[in-house]
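Here the structure is laid out as structure tokens; the discussion comes afterwards.
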2 protein chains.
Amino acid sequence: MIILGIDPGLATLGYGVLEKNARGEVRALDYGVVCTPKDERLPTRLAILEEGICRLLDKCNPDEVAVEELFFSKNVTTGIAVAHARGVALLTCVKRCGRLFEYTPMQIKQALTGYGKAEKKQIQLVTANLLHLKGVPRPDDAADALAVALCHSYTSRLSGLYTI
Amino acid sequence: MIILGIDPGLATLGYGVLEKNARGEVRALDYGVVCTPKDERLPTRLAILEEGICRLLDKCNPDEVAVEELFFSKNVTTGIAVAHARGVALLTCVKRCGRLFEYTPMQIKQALTGYGKAEKKQIQLVTANLLHLKGVPRPDDAADALAVALCHSYTSRLSGLYTI
């Protein structure tokens with residue numbers, strides 16, 4: 001089974017692709033980021049983002065997709081931009097893969113470390129260890145996307161099943 | 001020239017279609033709303049929204065599209081939902097019509113009444129008057145969408161021209 005994890009963002013959207021075998025073992029197949037130029041207008045950036053996600057879906061053809069939920073903390077303006085991008089990511093993924101799941105940052109931390117308030121750095125180290133990677137994946141957005149994919153591979157959430 | 005105005009929303013997205021003739025006179029061709037069921041999950045609602053907007057674009061085939069910008073005031077949770085929907089609306093429109101423009105609520109109020117802090121009710125009455133409608137268009141989202149289309153028809157903003 002192929003799981004695609006997505007950490008939504010407007011400037012940088014992280015992705016991580018895992019393969020889970022019949023014994024429940026997971027390995028990383030791919031990870032990286034889709035970027036949009038900061039000097040372009042919002043609608044153009046959203047179209048670039050959609051194009052990048054479509055290419056990614058073509059390439060990895062996931063059975064299930066896990067998308068990180070938006071955690072609203074500091075900057076409302078940044079949050080709004082991310083929400084625009086997240087809307088595009090959810091739409092693009094659900095059109096291609098009905099098995100779409102969402103996880104909060106706290107659920108991801110809980111699934112990977114057993115502690116919902118773990119530090120970001122700790123999550124990245126656990127992700128690298130669990131996937132037998134030589135170092136922490138770069139950039140952070142790609143590491144975060146692998147973490148949400150890992151969280152999904154450890155969690156069974158039937159409530160997240162969508163049909164459109 | 002056909003102008004499509006959009007007031008973005010997740011539960012209810014308002015639209016208004018205007019025709020502007022060579023003398024600059026405008027008349028309303030159509031207005032209404034695209035709704036998504038509150039009991040559906042977010043990705044499904046975004047897909048329903050996209051489908052509705054596509055049907056609308058097929059029907060009115062606009063030369064230019066004007067979309068209201070998000071005004072963040074009271075409810076952050078509602079704002080996040082609207083931003084997801086707005087991302088989908090911008091994406092869907094810019095893919096079909098490169099001439100896409102954005103206006104803040106204050107710009108719309110300024111264009112229609114000459115006063116950037118006019119009351120919502122006043123904007124709706126002015127919209128109805130300018131378009132020679134018998135009453136204020138219902139629901140509010142449709143009236144707001146006609147207002148942003150009217151604002152665009154009165155305003156020349158070359159900076160809003162997108163190409164993707």
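The way I read the labels, and the way they are meant: chains A, B, ... in the order of the structure tokens, residue 1 as the first residue of every chain, and ligand 1 as the first ligand shown, with later ones counted on from there.
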Using DSSP assignments from the backbone, pull out every residue in chain B that falls under helix (DSSP H, G or I) and give it to me as an MDAnalysis selection string. chainID B and resid 42:60 76:96 105:113 120:130 140:154 158:160
What are the closest atom pairs, with distances in Å to one decimal, for each residue of chain A lying within 10 Å of chain B, using only C-alpha atoms, rows by chain and rising residue number, as JSON lines?
```
{"residue": "A:Glu40", "atom": "CA", "partner": "B:Tyr162", "partner_atom": "CA", "distance": 9.0}
{"residue": "A:Arg41", "atom": "CA", "partner": "B:Tyr162", "partner_atom": "CA", "distance": 7.4}
{"residue": "A:Leu42", "atom": "CA", "partner": "B:Leu90", "partner_atom": "CA", "distance": 8.2}
{"residue": "A:Pro43", "atom": "CA", "partner": "B:Leu90", "partner_atom": "CA", "distance": 5.4}
{"residue": "A:Thr44", "atom": "CA", "partner": "B:Ile164", "partner_atom": "CA", "distance": 5.7}
{"residue": "A:Arg45", "atom": "CA", "partner": "B:Ile164", "partner_atom": "CA", "distance": 8.8}
{"residue": "A:Leu46", "atom": "CA", "partner": "B:Leu91", "partner_atom": "CA", "distance": 5.9}
{"residue": "A:Ala47", "atom": "CA", "partner": "B:Leu91", "partner_atom": "CA", "distance": 5.8}
{"residue": "A:Ile48", "atom": "CA", "partner": "B:Ile164", "partner_atom": "CA", "distance": 8.0}
{"residue": "A:Leu49", "atom": "CA", "partner": "B:Leu91", "partner_atom": "CA", "distance": 9.6}
{"residue": "A:Glu50", "atom": "CA", "partner": "B:Leu91", "partner_atom": "CA", "distance": 8.3}
{"residue": "A:Leu70", "atom": "CA", "partner": "B:Ile80", "partner_atom": "CA", "distance": 8.6}
{"residue": "A:Phe72", "atom": "CA", "partner": "B:Val76", "partner_atom": "CA", "distance": 8.6}
{"residue": "A:Val76", "atom": "CA", "partner": "B:Val76", "partner_atom": "CA", "distance": 8.2}
{"residue": "A:Thr77", "atom": "CA", "partner": "B:Phe72", "partner_atom": "CA", "distance": 9.0}
{"residue": "A:Gly79", "atom": "CA", "partner": "B:Ile80", "partner_atom": "CA", "distance": 7.7}
{"residue": "A:Ile80", "atom": "CA", "partner": "B:Ala83", "partner_atom": "CA", "distance": 6.0}
{"residue": "A:Ala81", "atom": "CA", "partner": "B:Ala83", "partner_atom": "CA", "distance": 7.7}
{"residue": "A:Val82", "atom": "CA", "partner": "B:Ala83", "partner_atom": "CA", "distance": 8.6}
{"residue": "A:Ala83", "atom": "CA", "partner": "B:His84", "partner_atom": "CA", "distance": 5.1}
{"residue": "A:His84", "atom": "CA", "partner": "B:Gly87", "partner_atom": "CA", "distance": 4.0}
{"residue": "A:Ala85", "atom": "CA", "partner": "B:Gly87", "partner_atom": "CA", "distance": 6.3}
{"residue": "A:Arg86", "atom": "CA", "partner": "B:His84", "partner_atom": "CA", "distance": 6.3}
{"residue": "A:Gly87", "atom": "CA", "partner": "B:His84", "partner_atom": "CA", "distance": 4.0}
{"residue": "A:Val88", "atom": "CA", "partner": "B:Val88", "partner_atom": "CA", "distance": 5.5}
{"residue": "A:Ala89", "atom": "CA", "partner": "B:Pro43", "partner_atom": "CA", "distance": 9.1}
{"residue": "A:Leu90", "atom": "CA", "partner": "B:Pro43", "partner_atom": "CA", "distance": 5.4}
{"residue": "A:Leu91", "atom": "CA", "partner": "B:Ala47", "partner_atom": "CA", "distance": 5.8}
{"residue": "A:Thr92", "atom": "CA", "partner": "B:Ala47", "partner_atom": "CA", "distance": 8.6}
{"residue": "A:Cys93", "atom": "CA", "partner": "B:Pro43", "partner_atom": "CA", "distance": 8.6}
{"residue": "A:Val94", "atom": "CA", "partner": "B:Pro43", "partner_atom": "CA", "distance": 6.3}
{"residue": "A:Lys95", "atom": "CA", "partner": "B:Ala47", "partner_atom": "CA", "distance": 7.2}
{"residue": "A:Gly98", "atom": "CA", "partner": "B:Thr44", "partner_atom": "CA", "distance": 9.2}
{"residue": "A:Leu100", "atom": "CA", "partner": "B:Pro43", "partner_atom": "CA", "distance": 8.2}
{"residue": "A:Phe101", "atom": "CA", "partner": "B:Pro43", "partner_atom": "CA", "distance": 9.5}
{"residue": "A:Glu102", "atom": "CA", "partner": "B:Pro43", "partner_atom": "CA", "distance": 9.7}
{"residue": "A:Ser159", "atom": "CA", "partner": "B:Arg41", "partner_atom": "CA", "distance": 9.8}
{"residue": "A:Gly160", "atom": "CA", "partner": "B:Arg41", "partner_atom": "CA", "distance": 8.5}
{"residue": "A:Leu161", "atom": "CA", "partner": "B:Arg41", "partner_atom": "CA", "distance": 9.2}
{"residue": "A:Tyr162", "atom": "CA", "partner": "B:Thr44", "partner_atom": "CA", "distance": 6.9}
{"residue": "A:Thr163", "atom": "CA", "partner": "B:Thr44", "partner_atom": "CA", "distance": 7.1}
{"residue": "A:Ile164", "atom": "CA", "partner": "B:Thr44", "partner_atom": "CA", "distance": 5.6}
```
Take the residues from that selection and write them out as a PDB file, in the first residue's frame, keeping C-alpha atoms.
```pdb
ATOM      1  CA  GLU A  40       3.341  35.655  -8.008  1.00  0.00           C
ATOM      2  CA  ARG A  41      -0.269  36.511  -7.166  1.00  0.00           C
ATOM      3  CA  LEU A  42      -2.266  34.128  -4.994  1.00  0.00           C
ATOM      4  CA  PRO A  43      -4.455  32.579  -7.753  1.00  0.00           C
ATOM      5  CA  THR A  44      -1.392  31.857  -9.902  1.00  0.00           C
ATOM      6  CA  ARG A  45       0.410  30.291  -6.926  1.00  0.00           C
ATOM      7  CA  LEU A  46      -2.605  28.084  -6.240  1.00  0.00           C
ATOM      8  CA  ALA A  47      -2.615  26.923  -9.868  1.00  0.00           C
ATOM      9  CA  ILE A  48       1.131  26.116  -9.656  1.00  0.00           C
ATOM     10  CA  LEU A  49       0.470  24.202  -6.443  1.00  0.00           C
ATOM     11  CA  GLU A  50      -2.316  22.171  -8.053  1.00  0.00           C
ATOM     12  CA  LEU A  70      -4.046  23.521  10.155  1.00  0.00           C
ATOM     13  CA  PHE A  72      -3.594  28.107  14.223  1.00  0.00           C
ATOM     14  CA  VAL A  76      -3.357  34.863  11.243  1.00  0.00           C
ATOM     15  CA  THR A  77      -2.201  36.201   7.856  1.00  0.00           C
ATOM     16  CA  GLY A  79      -2.683  30.909   8.470  1.00  0.00           C
ATOM     17  CA  ILE A  80      -5.077  32.323   5.882  1.00  0.00           C
ATOM     18  CA  ALA A  81      -2.548  31.779   3.083  1.00  0.00           C
ATOM     19  CA  VAL A  82      -1.943  28.199   4.248  1.00  0.00           C
ATOM     20  CA  ALA A  83      -5.710  27.587   4.408  1.00  0.00           C
ATOM     21  CA  HIS A  84      -6.076  28.699   0.760  1.00  0.00           C
ATOM     22  CA  ALA A  85      -3.287  26.265  -0.191  1.00  0.00           C
ATOM     23  CA  ARG A  86      -4.741  23.521   2.008  1.00  0.00           C
ATOM     24  CA  GLY A  87      -8.121  23.889   0.296  1.00  0.00           C
ATOM     25  CA  VAL A  88      -6.414  23.352  -3.069  1.00  0.00           C
ATOM     26  CA  ALA A  89      -4.433  20.364  -1.719  1.00  0.00           C
ATOM     27  CA  LEU A  90      -7.531  18.677  -0.251  1.00  0.00           C
ATOM     28  CA  LEU A  91      -9.519  19.258  -3.440  1.00  0.00           C
ATOM     29  CA  THR A  92      -6.778  17.981  -5.745  1.00  0.00           C
ATOM     30  CA  CYS A  93      -6.157  14.876  -3.623  1.00  0.00           C
ATOM     31  CA  VAL A  94      -9.796  13.928  -2.976  1.00  0.00           C
ATOM     32  CA  LYS A  95     -10.536  14.084  -6.719  1.00  0.00           C
ATOM     33  CA  GLY A  98     -11.156   9.015  -2.127  1.00  0.00           C
ATOM     34  CA  LEU A 100      -8.228  10.931   2.344  1.00  0.00           C
ATOM     35  CA  PHE A 101      -7.496  11.395   6.048  1.00  0.00           C
ATOM     36  CA  GLU A 102      -6.726  14.421   8.201  1.00  0.00           C
ATOM     37  CA  SER A 159     -14.031   8.136  10.037  1.00  0.00           C
ATOM     38  CA  GLY A 160     -11.630   9.745   7.610  1.00  0.00           C
ATOM     39  CA  LEU A 161     -12.934   7.857   4.596  1.00  0.00           C
ATOM     40  CA  TYR A 162     -14.394  10.127   1.970  1.00  0.00           C
ATOM     41  CA  THR A 163     -16.354   9.488  -1.131  1.00  0.00           C
ATOM     42  CA  ILE A 164     -17.168  12.228  -3.590  1.00  0.00           C
TER      43      ILE A 164
END
```
Skipping near chain neighbours, those fewer than 6 positions away, what residues fall within 9 Å of Thr113 in chain A using only C-alpha atoms, listed as a ChimeraX atom specification? /A:122-123,126
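Take CA of Asn75 in chain B and CA of Gly9 in chain B: the distance between them is 13.5 Å.
Near Pro62 in chain A, within a cut-off of 6 Å and counting only C-alpha atoms, sit the residues Ile2, Ile3 and Leu4 of chain A, with same-chain residues fewer than 4 positions away left out.
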